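Q: File follows, start00.txt with compact mmCIF, C-alpha atoms and all ligand atoms:
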# COMPACT_ATOMS: atom_id res chain seq x y z
CA MET A 1 -19.55 -4.75 -6.37
CA THR A 2 -21.57 -7.59 -7.75
CA ASN A 3 -18.81 -10.15 -8.28
CA GLN A 4 -16.73 -11.06 -5.30
CA PRO A 5 -13.27 -9.59 -5.89
CA THR A 6 -10.37 -11.91 -5.22
CA LYS A 7 -7.88 -9.16 -4.39
CA TRP A 8 -8.26 -6.30 -1.96
CA ILE A 9 -6.28 -3.08 -1.77
CA ILE A 10 -7.02 -0.94 1.25
CA GLY A 11 -5.49 2.43 2.10
CA ASN A 12 -5.24 3.29 5.79
CA TRP A 13 -4.86 7.05 6.03
CA LYS A 14 -4.39 6.90 9.82
CA MET A 15 -4.47 10.42 11.41
CA ASN A 16 -3.86 12.11 8.04
CA PRO A 17 -4.18 14.51 6.34
CA ALA A 18 -4.27 17.58 8.60
CA THR A 19 -7.36 19.29 7.19
CA LEU A 20 -10.65 18.45 5.56
CA ALA A 21 -9.59 20.42 2.49
CA ASP A 22 -6.49 18.23 2.17
CA ALA A 23 -8.58 15.08 2.57
CA VAL A 24 -10.96 16.17 -0.18
CA ALA A 25 -8.02 17.11 -2.40
CA LEU A 26 -6.47 13.66 -1.89
CA THR A 27 -9.79 12.02 -2.73
CA LEU A 28 -10.05 14.01 -5.95
CA GLN A 29 -6.43 13.14 -6.84
CA LEU A 30 -7.24 9.49 -6.27
CA GLU A 31 -10.28 9.72 -8.50
CA GLU A 32 -8.08 11.18 -11.23
CA ALA A 33 -5.34 8.58 -10.74
CA LEU A 34 -7.91 5.78 -10.99
CA ALA A 35 -9.74 7.21 -13.99
CA ASP A 36 -8.03 4.81 -16.39
CA VAL A 37 -7.71 1.88 -14.01
CA ASP A 38 -10.34 -0.83 -14.36
CA THR A 39 -10.99 -1.62 -10.70
CA LYS A 40 -14.08 -3.73 -11.19
CA ASN A 41 -12.39 -7.04 -10.37
CA VAL A 42 -10.56 -5.83 -7.29
CA GLY A 43 -11.89 -4.49 -4.03
CA VAL A 44 -10.54 -1.04 -3.25
CA GLY A 45 -11.09 0.65 0.09
CA ILE A 46 -9.85 3.74 1.85
CA VAL A 47 -9.88 4.32 5.57
CA PRO A 48 -9.82 8.04 6.28
CA SER A 49 -10.34 9.80 9.58
CA VAL A 50 -13.95 9.31 10.65
CA LEU A 51 -14.24 13.10 10.68
CA TYR A 52 -13.89 13.27 6.92
CA LEU A 53 -16.23 10.42 6.00
CA THR A 54 -19.23 12.43 4.85
CA ASP A 55 -17.28 14.82 2.68
CA ILE A 56 -15.11 12.13 1.16
CA LYS A 57 -18.15 10.02 0.41
CA SER A 58 -19.68 12.84 -1.59
CA PHE A 59 -16.46 13.15 -3.61
CA LEU A 60 -16.11 9.41 -4.14
CA PRO A 61 -17.93 8.64 -7.37
CA PHE A 62 -15.79 5.65 -8.24
CA ASN A 63 -15.72 2.08 -7.08
CA VAL A 64 -14.04 2.60 -3.72
CA GLN A 65 -15.43 1.50 -0.37
CA LEU A 66 -15.12 3.50 2.80
CA GLY A 67 -13.83 2.08 6.06
CA VAL A 68 -13.12 3.40 9.53
CA GLN A 69 -10.11 2.95 11.77
CA ASP A 70 -11.97 2.09 14.95
CA ILE A 71 -15.35 1.53 16.57
CA ALA A 72 -16.49 1.42 20.17
CA HIS A 73 -16.33 -1.90 21.98
CA LYS A 74 -18.94 -1.32 24.69
CA THR A 75 -21.93 -1.34 22.37
CA ALA A 76 -22.74 -1.44 18.67
CA LYS A 77 -25.43 1.18 19.17
CA THR A 78 -25.37 4.38 21.28
CA GLY A 79 -24.69 5.31 24.88
CA ALA A 80 -22.65 7.20 27.46
CA PHE A 81 -19.18 6.49 26.04
CA THR A 82 -17.47 9.85 25.65
CA GLY A 83 -15.21 10.11 22.65
CA ASP A 84 -16.29 6.79 21.16
CA VAL A 85 -17.92 6.23 17.78
CA SER A 86 -20.22 3.26 17.39
CA ALA A 87 -20.57 0.68 14.63
CA THR A 88 -24.13 1.86 14.07
CA GLN A 89 -22.98 5.46 13.68
CA VAL A 90 -20.20 4.76 11.18
CA ALA A 91 -22.44 2.44 9.17
CA SER A 92 -24.99 5.26 8.97
CA MET A 93 -22.23 7.49 7.54
CA GLY A 94 -21.55 5.06 4.70
CA ALA A 95 -18.68 3.01 6.11
CA SER A 96 -18.75 -0.62 5.03
CA PHE A 97 -15.80 -1.98 6.98
CA VAL A 98 -13.60 -1.33 10.02
CA LEU A 99 -9.99 -2.06 10.96
CA VAL A 100 -9.71 -4.01 14.21
CA GLY A 101 -6.51 -4.96 16.02
CA HIS A 102 -4.14 -2.63 14.20
CA SER A 103 -0.81 -2.63 16.02
CA GLU A 104 -1.05 1.10 16.69
CA ARG A 105 -4.37 0.55 18.48
CA ARG A 106 -3.00 -2.45 20.37
CA GLN A 107 0.11 -0.48 21.37
CA TYR A 108 -1.25 3.00 22.15
CA HIS A 109 -4.72 2.03 23.38
CA ASN A 110 -3.91 -1.25 25.10
CA GLU A 111 -6.56 -3.12 23.16
CA THR A 112 -6.91 -6.60 24.58
CA ASP A 113 -8.40 -9.69 22.95
CA GLU A 114 -11.56 -9.10 24.95
CA ILE A 115 -11.93 -5.62 23.47
CA LEU A 116 -11.11 -6.84 19.96
CA ILE A 117 -13.71 -9.62 20.15
CA ALA A 118 -16.33 -7.09 21.28
CA LYS A 119 -15.45 -4.75 18.40
CA ILE A 120 -15.67 -7.54 15.83
CA LYS A 121 -19.05 -8.63 17.17
CA ASN A 122 -20.31 -5.03 17.13
CA ALA A 123 -19.17 -4.62 13.54
CA PHE A 124 -20.88 -7.82 12.43
CA GLU A 125 -24.04 -6.86 14.32
CA VAL A 126 -24.56 -3.89 11.99
CA GLY A 127 -23.20 -5.55 8.83
CA LEU A 128 -19.74 -3.96 8.74
CA SER A 129 -16.92 -6.11 7.42
CA VAL A 130 -13.79 -6.37 9.57
CA VAL A 131 -10.14 -6.20 8.61
CA PHE A 132 -8.52 -7.96 11.54
CA CYS A 133 -4.83 -7.01 11.84
CA ILE A 134 -2.19 -9.27 13.33
CA GLY A 135 1.59 -9.21 13.38
CA GLU A 136 4.72 -9.79 15.41
CA THR A 137 7.10 -7.18 16.83
CA LYS A 138 10.75 -6.92 15.83
CA ASP A 139 11.89 -8.75 18.95
CA GLU A 140 9.43 -11.55 18.36
CA TYR A 141 10.53 -11.79 14.72
CA GLU A 142 14.19 -11.94 15.70
CA GLN A 143 13.50 -14.59 18.30
CA GLY A 144 11.71 -16.77 15.72
CA LYS A 145 8.36 -16.36 17.48
CA THR A 146 6.35 -15.08 14.53
CA GLN A 147 4.13 -18.13 14.12
CA ALA A 148 3.51 -18.50 17.84
CA VAL A 149 2.47 -14.85 18.11
CA LEU A 150 0.16 -15.05 15.09
CA GLU A 151 -1.42 -18.23 16.38
CA GLN A 152 -2.07 -16.58 19.71
CA GLN A 153 -3.55 -13.46 18.06
CA LEU A 154 -5.79 -15.57 15.83
CA GLN A 155 -7.11 -17.66 18.71
CA LEU A 156 -9.91 -15.18 19.26
CA LEU A 157 -11.37 -16.24 15.92
CA ALA A 158 -11.86 -19.72 17.32
CA GLN A 159 -13.87 -18.13 20.11
CA LEU A 160 -15.85 -16.06 17.62
CA THR A 161 -16.71 -18.99 15.39
CA LYS A 162 -18.25 -20.67 18.40
CA ASP A 163 -20.47 -17.65 18.98
CA MET A 164 -21.20 -16.48 15.47
CA ASP A 165 -21.88 -17.60 11.94
CA PHE A 166 -19.16 -16.43 9.56
CA ALA A 167 -20.87 -17.80 6.50
CA HIS A 168 -22.90 -14.70 5.67
CA ASN A 169 -23.81 -14.59 2.05
CA LEU A 170 -22.93 -10.93 1.56
CA PRO A 171 -21.28 -9.34 -1.49
CA ASN A 172 -18.13 -8.58 0.49
CA PRO A 173 -16.27 -10.76 2.95
CA LYS A 174 -17.33 -10.19 6.51
CA LEU A 175 -13.80 -10.84 7.64
CA MET A 176 -10.38 -10.17 6.20
CA ILE A 177 -7.07 -10.81 7.90
CA ALA A 178 -4.21 -8.33 7.48
CA TYR A 179 -0.80 -9.75 8.32
CA GLU A 180 1.26 -6.72 9.29
CA PRO A 181 4.63 -7.31 10.95
CA VAL A 182 4.89 -4.43 13.43
CA TRP A 183 8.54 -3.90 12.49
CA ALA A 184 7.54 -3.40 8.84
CA ILE A 185 4.95 -0.69 9.48
CA GLY A 186 6.21 2.71 8.37
CA THR A 187 9.84 1.59 8.42
CA GLY A 188 10.55 0.78 4.78
CA LEU A 189 11.41 -2.76 5.88
CA THR A 190 9.53 -5.82 4.66
CA PRO A 191 9.88 -9.56 5.19
CA THR A 192 11.38 -11.46 2.26
CA LEU A 193 8.91 -12.72 -0.33
CA ASP A 194 9.52 -16.27 0.88
CA GLU A 195 8.70 -15.21 4.42
CA ILE A 196 5.49 -13.53 3.25
CA VAL A 197 4.45 -16.66 1.36
CA SER A 198 5.19 -19.03 4.23
CA THR A 199 3.53 -16.81 6.83
CA HIS A 200 0.41 -16.44 4.69
CA GLN A 201 0.35 -20.21 4.25
CA PHE A 202 0.61 -20.61 8.02
CA ILE A 203 -2.25 -18.15 8.61
CA GLY A 204 -4.36 -19.85 5.92
CA ASP A 205 -3.87 -23.24 7.56
CA LEU A 206 -4.90 -21.84 10.93
CA LEU A 207 -8.02 -20.25 9.45
CA THR A 208 -8.94 -23.59 7.92
CA ALA A 209 -8.49 -25.24 11.29
CA PHE A 210 -10.80 -22.61 12.81
CA GLU A 211 -13.28 -23.12 9.96
CA VAL A 212 -12.92 -19.48 8.98
CA SER A 213 -12.74 -18.38 5.38
CA ALA A 214 -11.13 -14.97 4.87
CA PRO A 215 -8.84 -13.24 2.39
CA ILE A 216 -5.37 -12.64 3.85
CA LEU A 217 -3.81 -9.26 3.08
CA TYR A 218 -0.21 -8.26 3.64
CA GLY A 219 0.62 -4.87 5.23
CA GLY A 220 3.81 -3.05 6.19
CA SER A 221 5.79 -0.69 3.94
CA VAL A 222 3.94 -1.65 0.77
CA ASN A 223 4.70 0.96 -1.89
CA ASP A 224 4.61 1.55 -5.63
CA LYS A 225 8.05 -0.08 -6.01
CA ASN A 226 7.49 -3.37 -4.17
CA ALA A 227 3.76 -3.90 -4.88
CA ASP A 228 4.42 -5.85 -8.06
CA GLU A 229 6.50 -8.53 -6.39
CA ILE A 230 4.29 -8.70 -3.30
CA ALA A 231 1.31 -9.18 -5.62
CA THR A 232 2.98 -12.27 -7.07
CA CYS A 233 3.26 -13.95 -3.65
CA ARG A 234 1.12 -17.05 -3.34
CA GLY A 235 -1.55 -16.60 -0.67
CA VAL A 236 -1.46 -12.80 -0.71
CA ASP A 237 -5.03 -11.70 -1.38
CA GLY A 238 -4.25 -8.00 -1.31
CA VAL A 239 -2.56 -5.34 0.75
CA LEU A 240 -3.22 -2.90 3.56
CA VAL A 241 -1.28 0.25 2.72
CA GLY A 242 -0.42 3.10 5.09
CA GLY A 243 1.99 5.82 3.97
CA ALA A 244 1.82 5.08 0.25
CA SER A 245 -1.98 5.42 0.27
CA LEU A 246 -1.53 9.13 0.99
CA LYS A 247 -0.06 9.59 -2.47
CA ALA A 248 -2.78 9.06 -5.06
CA ASP A 249 -0.40 7.99 -7.83
CA SER A 250 1.40 5.48 -5.62
CA PHE A 251 -1.87 4.00 -4.41
CA ALA A 252 -3.13 3.70 -7.99
CA THR A 253 0.11 1.94 -8.98
CA ILE A 254 -0.32 -0.51 -6.10
CA ILE A 255 -3.90 -1.22 -7.19
CA SER A 256 -2.70 -1.78 -10.75
CA ALA A 257 -0.12 -4.30 -9.51
CA PHE A 258 -2.97 -6.52 -8.30
CA LEU A 259 -5.19 -6.19 -11.35
CA THR A 260 -3.22 -8.70 -13.37
CA LYS A 261 -2.89 -11.13 -10.47
CA ASN A 262 -6.58 -11.77 -10.10
CA ASP A 263 -6.47 -15.54 -9.68
P1 LIG B 1 2.70 1.46 6.13
O1 LIG B 1 1.50 1.18 7.16
O2 LIG B 1 2.22 1.05 4.76
O3 LIG B 1 2.93 2.96 6.22
O4 LIG B 1 3.87 0.67 6.57
C1 LIG B 1 0.72 0.02 7.03
C2 LIG B 1 -0.33 -0.01 8.11
O5 LIG B 1 -0.09 0.44 9.22
O6 LIG B 1 -1.44 -0.51 7.85
Before we go any further, please render this structure as structure tokens.
Ligand code: PGA
A:
Amino acid sequence: MTNQPTKWIIGNWKMNPATLADAVALTLQLEEALADVDTKNVGVGIVPSVLYLTDIKSFLPFNVQLGVQDIAHKTAKTGAFTGDVSATQVASMGASFVLVGHSERRQYHNETDEILIAKIKNAFEVGLSVVFCIGETKDEYEQGKTQAVLEQQLQLLAQLTKDMDFAHNLPNPKLMIAYEPVWAIGTGLTPTLDEIVSTHQFIGDLLTAFEVSAPILYGGSVNDKNADEIATCRGVDGVLVGGASLKADSFATIISAFLTKND
């Protein structure tokens, strides 16, 4: 991508599909679904299982970037860390970005701020961009604690800006934020459009205070039906899509929803 896109649509395949053959088939379906979609002004990424990266890359002749769902925190390079995959390794496989802080990683792998900071630094060390995911749980939402939780989760960026230079002049952002309410992930529930707008505004203000510039994506039950209205929300620079990214047509429809909102 030569011009910096202003909207980003990223598909997180999570631990799907079950076989390499299915992953290749989905990639080919996506290629077909995007054949008539002019994606040159938007950034499109998919985040398959790291196992499938090489094969998917060879079947990915269109303008789609590859990301990974995790990297090791102990080192960016290599070492005695059984089961881990390093930033260096995934970059060598063609990944250009990594998800960090996804609620499923925080919840099932007890990822702390310390671990998340280490992962972000490792990613930046090898030139990977980072999609940093934040979001409140249902209880926190119901108790009106959304902003407090997001502020606390974003604090680590203040620490990072002290240590690192975010102003890399690279063709893609080094950092993106994905606001994903935990209660909206995979549930079919979403905040109201007003809530999305005001939360994105809140996050944007915090980023400004931390002197961080990053697109802010929304994630959580985005699908081919609601993408259009989410795309109209002020301050929404794109979406992180789970379930609906496993259906090529739905994902293509979501991408199309953002093509006309390229302000
Ligand atoms: P969902 O997942 O679109 O299936 O809700 C989003 C995510 O976890 O990134």
Q: Can I get the residues of chain A within 6 Å of ligand LIG 1 (chain B), each with the closest pair of atoms and their distance in Å to one decimal, using all atoms listed in the file, sorted chain first then ascending number, as a Markdown table?
A:
| residue | atom | partner | partner_atom | distance |
| --- | --- | --- | --- | --- |
| A:Asn12 | CA | B:LIG1 | O6 | 5.8 |
| A:Ala184 | CA | B:LIG1 | O4 | 5.9 |
| A:Ile185 | CA | B:LIG1 | O4 | 3.4 |
| A:Gly186 | CA | B:LIG1 | O4 | 3.6 |
| A:Gly219 | CA | B:LIG1 | C1 | 5.2 |
| A:Gly220 | CA | B:LIG1 | O4 | 3.7 |
| A:Ser221 | CA | B:LIG1 | O4 | 3.5 |
| A:Val222 | CA | B:LIG1 | O2 | 5.1 |
| A:Leu240 | CA | B:LIG1 | O6 | 5.2 |
| A:Val241 | CA | B:LIG1 | O2 | 4.1 |
| A:Gly242 | CA | B:LIG1 | O2 | 3.4 |
| A:Gly243 | CA | B:LIG1 | O3 | 3.8 |
Q: Would you mind exporting C-alpha atoms of the selected residues as a compact mmCIF listing (two decimals), in the frame of the given file?
A:
# COMPACT_ATOMS: atom_id res chain seq x y z
CA ASN A 12 -5.24 3.29 5.79
CA ALA A 184 7.54 -3.40 8.84
CA ILE A 185 4.95 -0.69 9.48
CA GLY A 186 6.21 2.71 8.37
CA GLY A 219 0.62 -4.87 5.23
CA GLY A 220 3.81 -3.05 6.19
CA SER A 221 5.79 -0.69 3.94
CA VAL A 222 3.94 -1.65 0.77
CA LEU A 240 -3.22 -2.90 3.56
CA VAL A 241 -1.28 0.25 2.72
CA GLY A 242 -0.42 3.10 5.09
CA GLY A 243 1.99 5.82 3.97
Q: Pick out the residues sitting within 10 Å of Glu180 in chain A, and hand them over as a ChimeraX atom specification; count all atoms listed in the file, and ignore anything fewer than 6 positions along from it in its own chain.
A: /A:102-103,133-137,190-191,217-221,239-241
Q: Take the residues from that selection and put them in a file with C-alpha atoms, as a PDB file, in the frame of the given file.
A:
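Result saved to result-v1.pdb:
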ATOM      1  CA  HIS A 102      -4.140  -2.630  14.200  1.00  0.00           C
ATOM      2  CA  SER A 103      -0.810  -2.630  16.020  1.00  0.00           C
ATOM      3  CA  CYS A 133      -4.830  -7.010  11.840  1.00  0.00           C
ATOM      4  CA  ILE A 134      -2.190  -9.270  13.330  1.00  0.00           C
ATOM      5  CA  GLY A 135       1.590  -9.210  13.380  1.00  0.00           C
ATOM      6  CA  GLU A 136       4.720  -9.790  15.410  1.00  0.00           C
ATOM      7  CA  THR A 137       7.100  -7.180  16.830  1.00  0.00           C
ATOM      8  CA  THR A 190       9.530  -5.820   4.660  1.00  0.00           C
ATOM      9  CA  PRO A 191       9.880  -9.560   5.190  1.00  0.00           C
ATOM     10  CA  LEU A 217      -3.810  -9.260   3.080  1.00  0.00           C
ATOM     11  CA  TYR A 218      -0.210  -8.260   3.640  1.00  0.00           C
ATOM     12  CA  GLY A 219       0.620  -4.870   5.230  1.00  0.00           C
ATOM     13  CA  GLY A 220       3.810  -3.050   6.190  1.00  0.00           C
ATOM     14  CA  SER A 221       5.790  -0.690   3.940  1.00  0.00           C
ATOM     15  CA  VAL A 239      -2.560  -5.340   0.750  1.00  0.00           C
ATOM     16  CA  LEU A 240      -3.220  -2.900   3.560  1.00  0.00           C
ATOM     17  CA  VAL A 241      -1.280   0.250   2.720  1.00  0.00           C
TER      18      VAL A 241
END
Q: Restricting the calculation to only C-alpha atoms: of A:Lys7, A:Gly144, A:Val85, A:Val149, which residue gets closest to Gly235 in chain A?
A: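 Of all the options, A:Lys7 lies closest to Gly235 in chain A.
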Q: Need to verify the contact set: Phe210 in chain A, 8 Å, all atoms listed in the file, exclusion of same-chain residues closer than 3 positions in sequence. Can you return it as a list in words?
A: Leu157, Ala158, Thr161, Leu206 and Leu207 of chain A
Q: Just the residues within 10 Å of Thr199 in chain A, please, counting only C-alpha atoms, with nothing from its chain fewer than 2 positions along; format it as an mmCIF file with C-alpha atoms, in the frame of the given file.
A:
data_model
loop_
_atom_site.group_PDB
_atom_site.id
_atom_site.type_symbol
_atom_site.label_atom_id
_atom_site.label_comp_id
_atom_site.auth_asym_id
_atom_site.auth_seq_id
_atom_site.Cartn_x
_atom_site.Cartn_y
_atom_site.Cartn_z
ATOM 1 C CA THR A 146 6.350 -15.080 14.530
ATOM 2 C CA GLN A 147 4.130 -18.130 14.120
ATOM 3 C CA LEU A 150 0.160 -15.050 15.090
ATOM 4 C CA TYR A 179 -0.800 -9.750 8.320
ATOM 5 C CA PRO A 191 9.880 -9.560 5.190
ATOM 6 C CA LEU A 193 8.910 -12.720 -0.330
ATOM 7 C CA ASP A 194 9.520 -16.270 0.880
ATOM 8 C CA GLU A 195 8.700 -15.210 4.420
ATOM 9 C CA ILE A 196 5.490 -13.530 3.250
ATOM 10 C CA VAL A 197 4.450 -16.660 1.360
ATOM 11 C CA GLN A 201 0.350 -20.210 4.250
ATOM 12 C CA PHE A 202 0.610 -20.610 8.020
ATOM 13 C CA ILE A 203 -2.250 -18.150 8.610
ATOM 14 C CA GLY A 204 -4.360 -19.850 5.920
ATOM 15 C CA ASP A 205 -3.870 -23.240 7.560
ATOM 16 C CA TYR A 218 -0.210 -8.260 3.640
ATOM 17 C CA GLY A 235 -1.550 -16.600 -0.670
ATOM 18 C CA VAL A 236 -1.460 -12.800 -0.710
#
Q: Leaving out Leu53 in chain A and any residue of its chain fewer than 3 positions from it, which residues lie within 12 Å of it when counting all atoms listed in the file, given as a PyMOL selection string?
A: chain A and resi 13+20+23-24+27+46-50+56-60+65-69+89-96
Q: What is the distance between CA of Ile9 in chain A and CA of Asp237 in chain A, in Å to one decimal?
A: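 Going from CA of Ile9 in chain A over to CA of Asp237 in chain A, I get 8.7 Å.
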Q: Give me, as a ChimeraX atom specification, all polymer residues having an atom no more than 12 Å from Asp70 in chain A, counting only C-alpha atoms and skipping those fewer than 4 positions away in the same chain.
A: /A:12,14-15,47-50,76,83-87,89-91,95,97-102,104-106,109,111,115-116,118-120,122-123,128,130-133
Q: Would you mind writing range 142-162 of chain A with N, CA, C and O atoms, as a PDB file, keeping the file's coordinate frame?
A:
ATOM      1  N   GLU A 142      12.786 -11.539  15.561  1.00  0.00           N
ATOM      2  CA  GLU A 142      14.190 -11.940  15.700  1.00  0.00           C
ATOM      3  C   GLU A 142      14.356 -13.198  16.550  1.00  0.00           C
ATOM      4  O   GLU A 142      15.305 -13.942  16.388  1.00  0.00           O
ATOM      5  N   GLN A 143      13.420 -13.397  17.446  1.00  0.00           N
ATOM      6  CA  GLN A 143      13.500 -14.590  18.300  1.00  0.00           C
ATOM      7  C   GLN A 143      12.785 -15.800  17.662  1.00  0.00           C
ATOM      8  O   GLN A 143      12.596 -16.830  18.322  1.00  0.00           O
ATOM      9  N   GLY A 144      12.361 -15.652  16.417  1.00  0.00           N
ATOM     10  CA  GLY A 144      11.710 -16.770  15.720  1.00  0.00           C
ATOM     11  C   GLY A 144      10.327 -17.092  16.263  1.00  0.00           C
ATOM     12  O   GLY A 144       9.863 -18.234  16.164  1.00  0.00           O
ATOM     13  N   LYS A 145       9.660 -16.087  16.848  1.00  0.00           N
ATOM     14  CA  LYS A 145       8.360 -16.360  17.480  1.00  0.00           C
ATOM     15  C   LYS A 145       7.168 -15.948  16.626  1.00  0.00           C
ATOM     16  O   LYS A 145       6.031 -15.920  17.114  1.00  0.00           O
ATOM     17  N   THR A 146       7.425 -15.613  15.365  1.00  0.00           N
ATOM     18  CA  THR A 146       6.350 -15.080  14.530  1.00  0.00           C
ATOM     19  C   THR A 146       5.109 -15.973  14.529  1.00  0.00           C
ATOM     20  O   THR A 146       3.993 -15.513  14.802  1.00  0.00           O
ATOM     21  N   GLN A 147       5.292 -17.245  14.240  1.00  0.00           N
ATOM     22  CA  GLN A 147       4.130 -18.130  14.120  1.00  0.00           C
ATOM     23  C   GLN A 147       3.388 -18.275  15.446  1.00  0.00           C
ATOM     24  O   GLN A 147       2.152 -18.277  15.479  1.00  0.00           O
ATOM     25  N   ALA A 148       4.158 -18.355  16.527  1.00  0.00           N
ATOM     26  CA  ALA A 148       3.510 -18.500  17.840  1.00  0.00           C
ATOM     27  C   ALA A 148       2.668 -17.271  18.161  1.00  0.00           C
ATOM     28  O   ALA A 148       1.549 -17.379  18.673  1.00  0.00           O
ATOM     29  N   VAL A 149       3.199 -16.093  17.827  1.00  0.00           N
ATOM     30  CA  VAL A 149       2.470 -14.850  18.110  1.00  0.00           C
ATOM     31  C   VAL A 149       1.197 -14.783  17.258  1.00  0.00           C
ATOM     32  O   VAL A 149       0.115 -14.456  17.759  1.00  0.00           O
ATOM     33  N   LEU A 150       1.329 -15.117  15.977  1.00  0.00           N
ATOM     34  CA  LEU A 150       0.160 -15.050  15.090  1.00  0.00           C
ATOM     35  C   LEU A 150      -0.915 -16.043  15.537  1.00  0.00           C
ATOM     36  O   LEU A 150      -2.110 -15.733  15.532  1.00  0.00           O
ATOM     37  N   GLU A 151      -0.451 -17.218  15.931  1.00  0.00           N
ATOM     38  CA  GLU A 151      -1.420 -18.230  16.380  1.00  0.00           C
ATOM     39  C   GLU A 151      -2.177 -17.734  17.604  1.00  0.00           C
ATOM     40  O   GLU A 151      -3.401 -17.866  17.690  1.00  0.00           O
ATOM     41  N   GLN A 152      -1.431 -17.110  18.498  1.00  0.00           N
ATOM     42  CA  GLN A 152      -2.070 -16.580  19.710  1.00  0.00           C
ATOM     43  C   GLN A 152      -3.059 -15.451  19.366  1.00  0.00           C
ATOM     44  O   GLN A 152      -4.185 -15.398  19.867  1.00  0.00           O
ATOM     45  N   GLN A 153      -2.662 -14.577  18.428  1.00  0.00           N
ATOM     46  CA  GLN A 153      -3.550 -13.460  18.060  1.00  0.00           C
ATOM     47  C   GLN A 153      -4.801 -13.959  17.321  1.00  0.00           C
ATOM     48  O   GLN A 153      -5.855 -13.342  17.412  1.00  0.00           O
ATOM     49  N   LEU A 154      -4.645 -15.063  16.600  1.00  0.00           N
ATOM     50  CA  LEU A 154      -5.790 -15.570  15.830  1.00  0.00           C
ATOM     51  C   LEU A 154      -6.733 -16.440  16.666  1.00  0.00           C
ATOM     52  O   LEU A 154      -7.833 -16.762  16.228  1.00  0.00           O
ATOM     53  N   GLN A 155      -6.274 -16.793  17.867  1.00  0.00           N
ATOM     54  CA  GLN A 155      -7.110 -17.660  18.710  1.00  0.00           C
ATOM     55  C   GLN A 155      -8.502 -17.084  18.932  1.00  0.00           C
ATOM     56  O   GLN A 155      -9.483 -17.810  19.065  1.00  0.00           O
ATOM     57  N   LEU A 156      -8.596 -15.753  18.954  1.00  0.00           N
ATOM     58  CA  LEU A 156      -9.910 -15.180  19.260  1.00  0.00           C
ATOM     59  C   LEU A 156     -10.933 -15.509  18.178  1.00  0.00           C
ATOM     60  O   LEU A 156     -12.136 -15.484  18.424  1.00  0.00           O
ATOM     61  N   LEU A 157     -10.429 -15.852  16.973  1.00  0.00           N
ATOM     62  CA  LEU A 157     -11.370 -16.240  15.920  1.00  0.00           C
ATOM     63  C   LEU A 157     -12.040 -17.571  16.259  1.00  0.00           C
ATOM     64  O   LEU A 157     -13.194 -17.799  15.918  1.00  0.00           O
ATOM     65  N   ALA A 158     -11.284 -18.434  16.919  1.00  0.00           N
ATOM     66  CA  ALA A 158     -11.860 -19.720  17.320  1.00  0.00           C
ATOM     67  C   ALA A 158     -13.021 -19.458  18.281  1.00  0.00           C
ATOM     68  O   ALA A 158     -14.081 -20.087  18.199  1.00  0.00           O
ATOM     69  N   GLN A 159     -12.809 -18.512  19.180  1.00  0.00           N
ATOM     70  CA  GLN A 159     -13.870 -18.130  20.110  1.00  0.00           C
ATOM     71  C   GLN A 159     -15.074 -17.560  19.358  1.00  0.00           C
ATOM     72  O   GLN A 159     -16.232 -17.918  19.605  1.00  0.00           O
ATOM     73  N   LEU A 160     -14.769 -16.696  18.382  1.00  0.00           N
ATOM     74  CA  LEU A 160     -15.850 -16.060  17.620  1.00  0.00           C
ATOM     75  C   LEU A 160     -16.657 -17.062  16.812  1.00  0.00           C
ATOM     76  O   LEU A 160     -17.876 -16.941  16.713  1.00  0.00           O
ATOM     77  N   THR A 161     -15.967 -18.036  16.217  1.00  0.00           N
ATOM     78  CA  THR A 161     -16.710 -18.990  15.390  1.00  0.00           C
ATOM     79  C   THR A 161     -17.674 -19.811  16.244  1.00  0.00           C
ATOM     80  O   THR A 161     -18.700 -20.267  15.757  1.00  0.00           O
ATOM     81  N   LYS A 162     -17.326 -19.965  17.514  1.00  0.00           N
ATOM     82  CA  LYS A 162     -18.250 -20.670  18.400  1.00  0.00           C
ATOM     83  C   LYS A 162     -19.522 -19.856  18.592  1.00  0.00           C
ATOM     84  O   LYS A 162     -20.617 -20.386  18.682  1.00  0.00           O
TER      85      LYS A 162
END
